[in-house]
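**Q** Contents of start_19.cif (mmCIF, C-alpha atoms and all ligand atoms) are given next:
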```
data_target
#
loop_
_atom_site.label_atom_id
_atom_site.label_comp_id
_atom_site.auth_asym_id
_atom_site.auth_seq_id
_atom_site.Cartn_x
_atom_site.Cartn_y
_atom_site.Cartn_z
CA MET S 12 -10.83 2.05 -2.98
CA GLY S 13 -13.54 -0.48 -2.21
CA ASN S 14 -15.46 -0.29 -5.45
CA PRO S 15 -18.12 -3.01 -5.17
CA CYS S 16 -18.70 -3.04 -8.93
CA GLY S 17 -15.04 -3.73 -9.58
CA LEU S 18 -15.08 -6.60 -7.15
CA ALA S 19 -18.09 -8.26 -8.78
CA LEU S 20 -16.41 -8.09 -12.18
CA ASP S 21 -13.24 -9.64 -10.82
CA MET S 22 -15.26 -12.52 -9.42
CA SER S 23 -16.79 -13.14 -12.82
CA ARG S 24 -13.37 -13.28 -14.40
CA SER S 25 -12.01 -15.77 -11.90
CA GLY S 26 -15.27 -17.74 -12.21
CA LEU S 27 -14.52 -18.57 -15.84
CA THR S 28 -11.70 -20.87 -14.84
CA VAL S 29 -13.89 -22.89 -12.46
CA PRO S 30 -15.49 -25.94 -14.09
CA GLY S 31 -19.04 -27.32 -13.69
CA ARG S 32 -21.63 -26.00 -11.33
CA LEU S 33 -19.42 -23.40 -9.74
CA LYS S 34 -18.88 -21.82 -13.11
CA GLU S 35 -22.64 -21.55 -13.66
CA TYR S 36 -22.99 -20.00 -10.27
CA SER S 37 -20.31 -17.44 -11.00
CA ILE S 38 -21.82 -16.48 -14.33
CA ASN S 39 -25.27 -16.16 -12.80
CA ARG S 40 -23.83 -13.85 -10.23
CA VAL S 41 -22.67 -11.48 -12.92
CA LYS S 42 -26.24 -11.08 -14.16
CA MET S 43 -27.31 -9.75 -10.80
CA PRO S 44 -27.36 -5.99 -10.44
CA LEU S 45 -23.68 -5.34 -9.84
CA CYS S 46 -23.90 -2.68 -7.17
CA ILE S 47 -25.78 -4.65 -4.54
CA ALA S 48 -22.54 -6.30 -3.40
CA PRO S 49 -21.82 -5.53 0.26
CA VAL S 50 -19.28 -2.85 1.05
CA VAL S 51 -15.84 -4.43 1.13
CA PRO S 52 -13.86 -3.75 4.32
CA PHE S 53 -10.88 -1.49 3.79
CA GLN S 54 -7.78 -3.44 2.89
CA LEU S 55 -4.17 -2.78 2.05
CA MET S 56 -2.36 -4.90 -0.50
CA LYS S 57 -1.12 -8.32 0.47
CA LEU S 58 2.55 -8.30 1.36
CA PRO S 59 5.04 -11.17 1.19
CA ASN S 60 6.01 -12.78 4.47
CA LEU S 61 9.73 -12.20 3.95
CA TYR S 62 10.87 -8.61 3.54
CA GLN S 63 13.87 -9.56 1.44
CA ASP S 64 11.45 -10.88 -1.23
CA LEU S 65 9.81 -7.50 -1.43
CA LEU S 66 13.16 -5.73 -1.50
CA GLN S 67 14.37 -7.83 -4.43
CA ARG S 68 11.18 -7.09 -6.31
CA CYS S 69 11.17 -3.33 -5.75
CA ILE S 70 14.77 -2.20 -5.55
CA LYS S 71 16.30 -0.74 -8.71
CA LYS S 72 12.91 -0.84 -10.42
CA ALA S 73 12.27 1.71 -13.12
CA CYS S 74 9.40 4.14 -12.76
CA SER S 75 6.41 3.00 -14.79
CA ASN S 76 5.95 6.56 -16.00
CA CYS S 77 9.38 8.02 -16.85
CA ALA S 78 11.45 4.79 -16.88
CA LYS S 79 14.10 6.24 -14.55
CA VAL S 80 15.30 4.01 -11.73
CA ILE S 81 13.58 5.08 -8.53
CA LYS S 82 16.22 5.94 -5.94
CA GLU S 83 14.04 5.64 -2.88
CA PRO S 84 11.09 3.45 -3.89
CA ALA S 85 7.90 3.87 -1.93
CA LEU S 86 5.37 1.11 -2.51
CA CYS S 87 1.77 2.35 -2.54
CA LEU S 88 -0.06 -0.14 -0.34
CA LEU S 89 -3.38 0.74 -1.95
CA CYS S 90 -2.50 -0.20 -5.53
CA GLY S 91 1.03 -1.63 -5.55
CA ARG S 92 2.63 1.11 -7.64
CA LEU S 93 6.17 2.22 -6.90
CA CYS S 94 6.41 5.94 -6.25
CA SER S 95 9.01 8.44 -5.10
CA PRO S 96 8.84 10.40 -1.87
CA VAL S 97 8.35 14.09 -2.44
CA HIS S 98 11.92 15.25 -1.82
CA ASN S 99 13.32 13.32 -4.74
CA PRO S 100 10.68 12.30 -7.25
CA CYS S 101 11.78 10.78 -10.55
CA CYS S 102 8.83 12.51 -12.19
CA ARG S 103 5.76 14.40 -11.09
CA GLU S 104 3.35 11.50 -11.76
CA SER S 105 5.21 9.17 -9.44
CA ALA S 106 5.71 11.63 -6.61
CA CYS S 107 3.90 10.28 -3.56
CA GLN S 108 1.99 13.51 -3.17
CA THR S 109 0.65 13.46 -6.74
CA HIS S 110 -0.12 9.76 -6.67
CA THR S 111 -1.98 10.06 -3.38
CA VAL S 112 -4.50 12.39 -4.96
CA THR S 113 -5.18 10.14 -7.95
CA CYS S 114 -4.98 6.78 -6.15
CA GLY S 115 -6.28 7.30 -2.63
CA ALA S 116 -8.34 10.47 -3.07
CA GLY S 117 -5.87 12.33 -0.88
CA ILE S 118 -4.91 9.60 1.58
CA SER S 119 -2.25 6.99 0.97
CA VAL S 120 0.03 4.57 2.73
CA TYR S 121 3.51 3.82 1.42
CA LEU S 122 6.09 1.28 2.42
CA LEU S 123 9.52 2.89 2.13
CA ILE S 124 11.45 0.03 0.60
CA ARG S 125 14.95 1.06 1.71
CA ARG S 126 13.86 1.91 5.26
CA THR S 127 11.22 -0.78 5.90
CA THR S 128 9.01 1.86 7.54
CA ILE S 129 5.67 3.33 6.54
CA LEU S 130 4.98 6.79 5.17
CA LEU S 131 1.45 8.07 5.64
CA GLN S 132 0.44 10.74 3.19
CA ARG S 133 -2.61 12.97 3.41
CA PHE S 134 -2.48 15.48 0.58
CA ALA S 135 0.73 17.47 1.31
CA ARG S 136 1.04 16.17 4.86
CA GLN S 137 3.30 13.25 5.70
CA SER S 138 3.80 11.22 8.81
CA PRO S 139 6.01 8.22 9.63
CA TRP S 140 4.59 4.98 10.99
CA PRO S 141 6.50 1.95 12.33
CA SER S 142 7.50 -0.92 10.11
CA PRO S 143 5.14 -3.90 9.78
CA TYR S 144 8.24 -6.09 9.34
CA LEU S 145 10.12 -7.45 12.35
CA ASP S 146 13.05 -9.79 12.83
CA SER S 147 12.77 -13.14 14.60
CA PHE S 148 13.22 -11.34 17.96
CA GLY S 149 10.26 -9.09 17.27
CA GLU S 150 12.39 -6.01 16.63
CA GLU S 151 12.44 -3.53 13.82
CA ASP S 152 15.56 -3.19 11.71
CA ILE S 153 15.24 0.20 10.07
CA GLU S 154 17.31 0.47 6.90
CA MET S 155 18.25 -3.18 7.47
CA MET S 156 21.40 -2.32 9.40
CA ARG S 157 21.60 -5.76 10.99
CA GLY S 158 20.73 -7.51 7.76
CA LYS S 159 18.73 -10.31 9.40
CA PRO S 160 15.57 -11.66 7.72
CA LEU S 161 12.48 -9.60 8.45
CA TYR S 162 9.01 -11.10 8.58
CA LEU S 163 5.63 -9.53 8.13
CA ASN S 164 3.96 -9.01 11.48
CA GLU S 165 0.29 -9.57 10.71
CA GLU S 166 -0.81 -7.86 13.90
CA ARG S 167 1.05 -4.65 13.10
CA TYR S 168 -0.16 -4.72 9.53
CA ALA S 169 -3.75 -5.22 10.66
CA ALA S 170 -3.38 -2.32 13.10
CA LEU S 171 -2.08 -0.10 10.32
CA THR S 172 -4.93 -1.15 8.05
CA TYR S 173 -7.46 -0.45 10.77
CA MET S 174 -5.91 2.92 11.58
CA VAL S 175 -6.06 4.07 7.95
CA GLY S 176 -9.50 2.55 7.32
CA SER S 177 -10.95 4.31 10.34
CA TYR S 178 -9.59 7.71 9.23
CA GLY S 179 -6.91 7.63 11.92
CA LEU S 180 -4.73 9.96 9.86
CA ASP S 181 -7.07 12.71 10.94
CA HIS S 182 -7.36 12.08 14.65
CA ILE S 183 -4.71 9.75 16.09
CA SER S 184 -2.18 11.78 18.08
CA GLU S 185 0.75 9.52 17.14
CA VAL S 186 0.12 10.53 13.55
CA LEU S 187 -0.73 14.17 14.09
CA ASN S 188 2.25 14.83 16.37
CA GLN S 189 4.68 13.65 13.72
CA THR S 190 3.04 15.20 10.72
CA THR S 191 5.07 17.47 8.49
CA ILE S 192 4.09 19.29 5.35
CA GLY S 193 5.62 18.87 1.92
CA GLY S 194 8.26 16.24 2.50
CA ALA S 195 10.11 17.75 5.48
CA PHE S 196 10.05 14.23 6.90
CA PHE S 197 12.90 13.38 4.51
CA THR S 198 15.64 15.60 5.84
ZN ZN Z 201 -1.63 3.77 -5.39
ZN ZN Z 202 9.07 8.63 -12.81
#
```
Could you spell out this file's structure in structure tokens?

**A**
Amino acid sequence: MGNPCGLALDMSRSGLTVPGRLKEYSINRVKMPLCIAPVVPFQLMKLPNLYQDLLQRCIKKACSNCAKVIKEPALCLLCGRLCSPVHNPCCRESACQTHTVTCGAGISVYLLIRRTTILLQRFARQSPWPSPYLDSFGEEDIEMMRGKPLYLNEERYAALTYMVGSYGLDHISEVLNQTTIGGAFFT
């Protein structure tokens, strides 16, 4: 998360496609000591506006580790990898709990693709969080029962991002009150 060195290198790569003076500027930037870049604010991955686009992309996808189709895909919003919630992992590497340790240093945020809601994971602890996707009336449609198009609500997504970035998993009562250990959330 938020590695300033990684960001500087990415900028250099994208700079190569820019012609003329901008290109020079980008290349010069790379020569600067890489770690003086300012700390990047915490961000979650960019999501498509229409939920159905995301669903199409993630549903029936095979696990990148064991190649089995993931029954209940959970999209890691830190890195974009599809994982499995703890109760039914396709393999150990893709279990949310395992991935959270390697990807988010113990804290992760997953979008449960079949439910549209969020799963917060902090080591073995899990907690639900409302969906960032709403229908045109501003309502959630958990498990897409009504089947109407769902759109990303930027405000909700920003609130989620802020909550995670400000270590809300540790102190916000909405999270703590609903926290369970070891996947009991999926019963
Ligand atoms: Zn991840
Ligand atoms: Zn797997």

**Q** Around ligand ZN 202 (chain Z), at most 9 Å away and counting all atoms listed in the file, which residues are there? Put them as a list in words, please.

**A** Ala73, Cys74, Ser75, Asn76, Cys77, Ala78, Lys79, Val80, Ile81, Cys94, Ser95, Pro100, Cys101, Cys102, Arg103, Glu104, Ser105 and Ala106 of chain S

**Q** Output C-alpha atoms for every residue in that selection, as a PDB file, in the frame of the given file.

**A**
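Result file again-v6.pdb:
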```pdb
ATOM      1  CA  ALA S  73      12.270   1.710 -13.120  1.00  0.00           C
ATOM      2  CA  CYS S  74       9.400   4.140 -12.760  1.00  0.00           C
ATOM      3  CA  SER S  75       6.410   3.000 -14.790  1.00  0.00           C
ATOM      4  CA  ASN S  76       5.950   6.560 -16.000  1.00  0.00           C
ATOM      5  CA  CYS S  77       9.380   8.020 -16.850  1.00  0.00           C
ATOM      6  CA  ALA S  78      11.450   4.790 -16.880  1.00  0.00           C
ATOM      7  CA  LYS S  79      14.100   6.240 -14.550  1.00  0.00           C
ATOM      8  CA  VAL S  80      15.300   4.010 -11.730  1.00  0.00           C
ATOM      9  CA  ILE S  81      13.580   5.080  -8.530  1.00  0.00           C
ATOM     10  CA  CYS S  94       6.410   5.940  -6.250  1.00  0.00           C
ATOM     11  CA  SER S  95       9.010   8.440  -5.100  1.00  0.00           C
ATOM     12  CA  PRO S 100      10.680  12.300  -7.250  1.00  0.00           C
ATOM     13  CA  CYS S 101      11.780  10.780 -10.550  1.00  0.00           C
ATOM     14  CA  CYS S 102       8.830  12.510 -12.190  1.00  0.00           C
ATOM     15  CA  ARG S 103       5.760  14.400 -11.090  1.00  0.00           C
ATOM     16  CA  GLU S 104       3.350  11.500 -11.760  1.00  0.00           C
ATOM     17  CA  SER S 105       5.210   9.170  -9.440  1.00  0.00           C
ATOM     18  CA  ALA S 106       5.710  11.630  -6.610  1.00  0.00           C
TER      19      ALA S 106
END
```

**Q** Taking only C-alpha atoms and all ligand atoms into account, which residues have an atom no farther than 6 Å from ligand ZN 201 (chain Z)? I'd like them as a list in words.

**A** Cys87, Leu89, Cys90, Arg92 and Cys114 of chain S

**Q** If I take CA of Glu83 in chain S and CA of Tyr168 in chain S, how far is one from the other in Å, to one decimal?

**A** 21.5 Å

**Q** As an exercise, work out the distance from CA of Gly149 in chain S to CA of Gln137 in chain S in Å and give it to one decimal place.

**A**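 Spanning CA of Gly149 in chain S to CA of Gln137 in chain S is a straight-line distance of 26.1 Å.
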
**Q** If you count only C-alpha atoms, which residues fall within 10 Å of Leu187 in chain S, apart from same-chain ones fewer than 5 positions away, as number ranges by chain?

**A** S: 136-138, 179-182

**Q** Between CA of Arg133 in chain S and CA of Thr190 in chain S, what is the distance in Å, rounded to a tenth?

**A**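 Rounded to one decimal, the two atoms are 9.5 Å apart.
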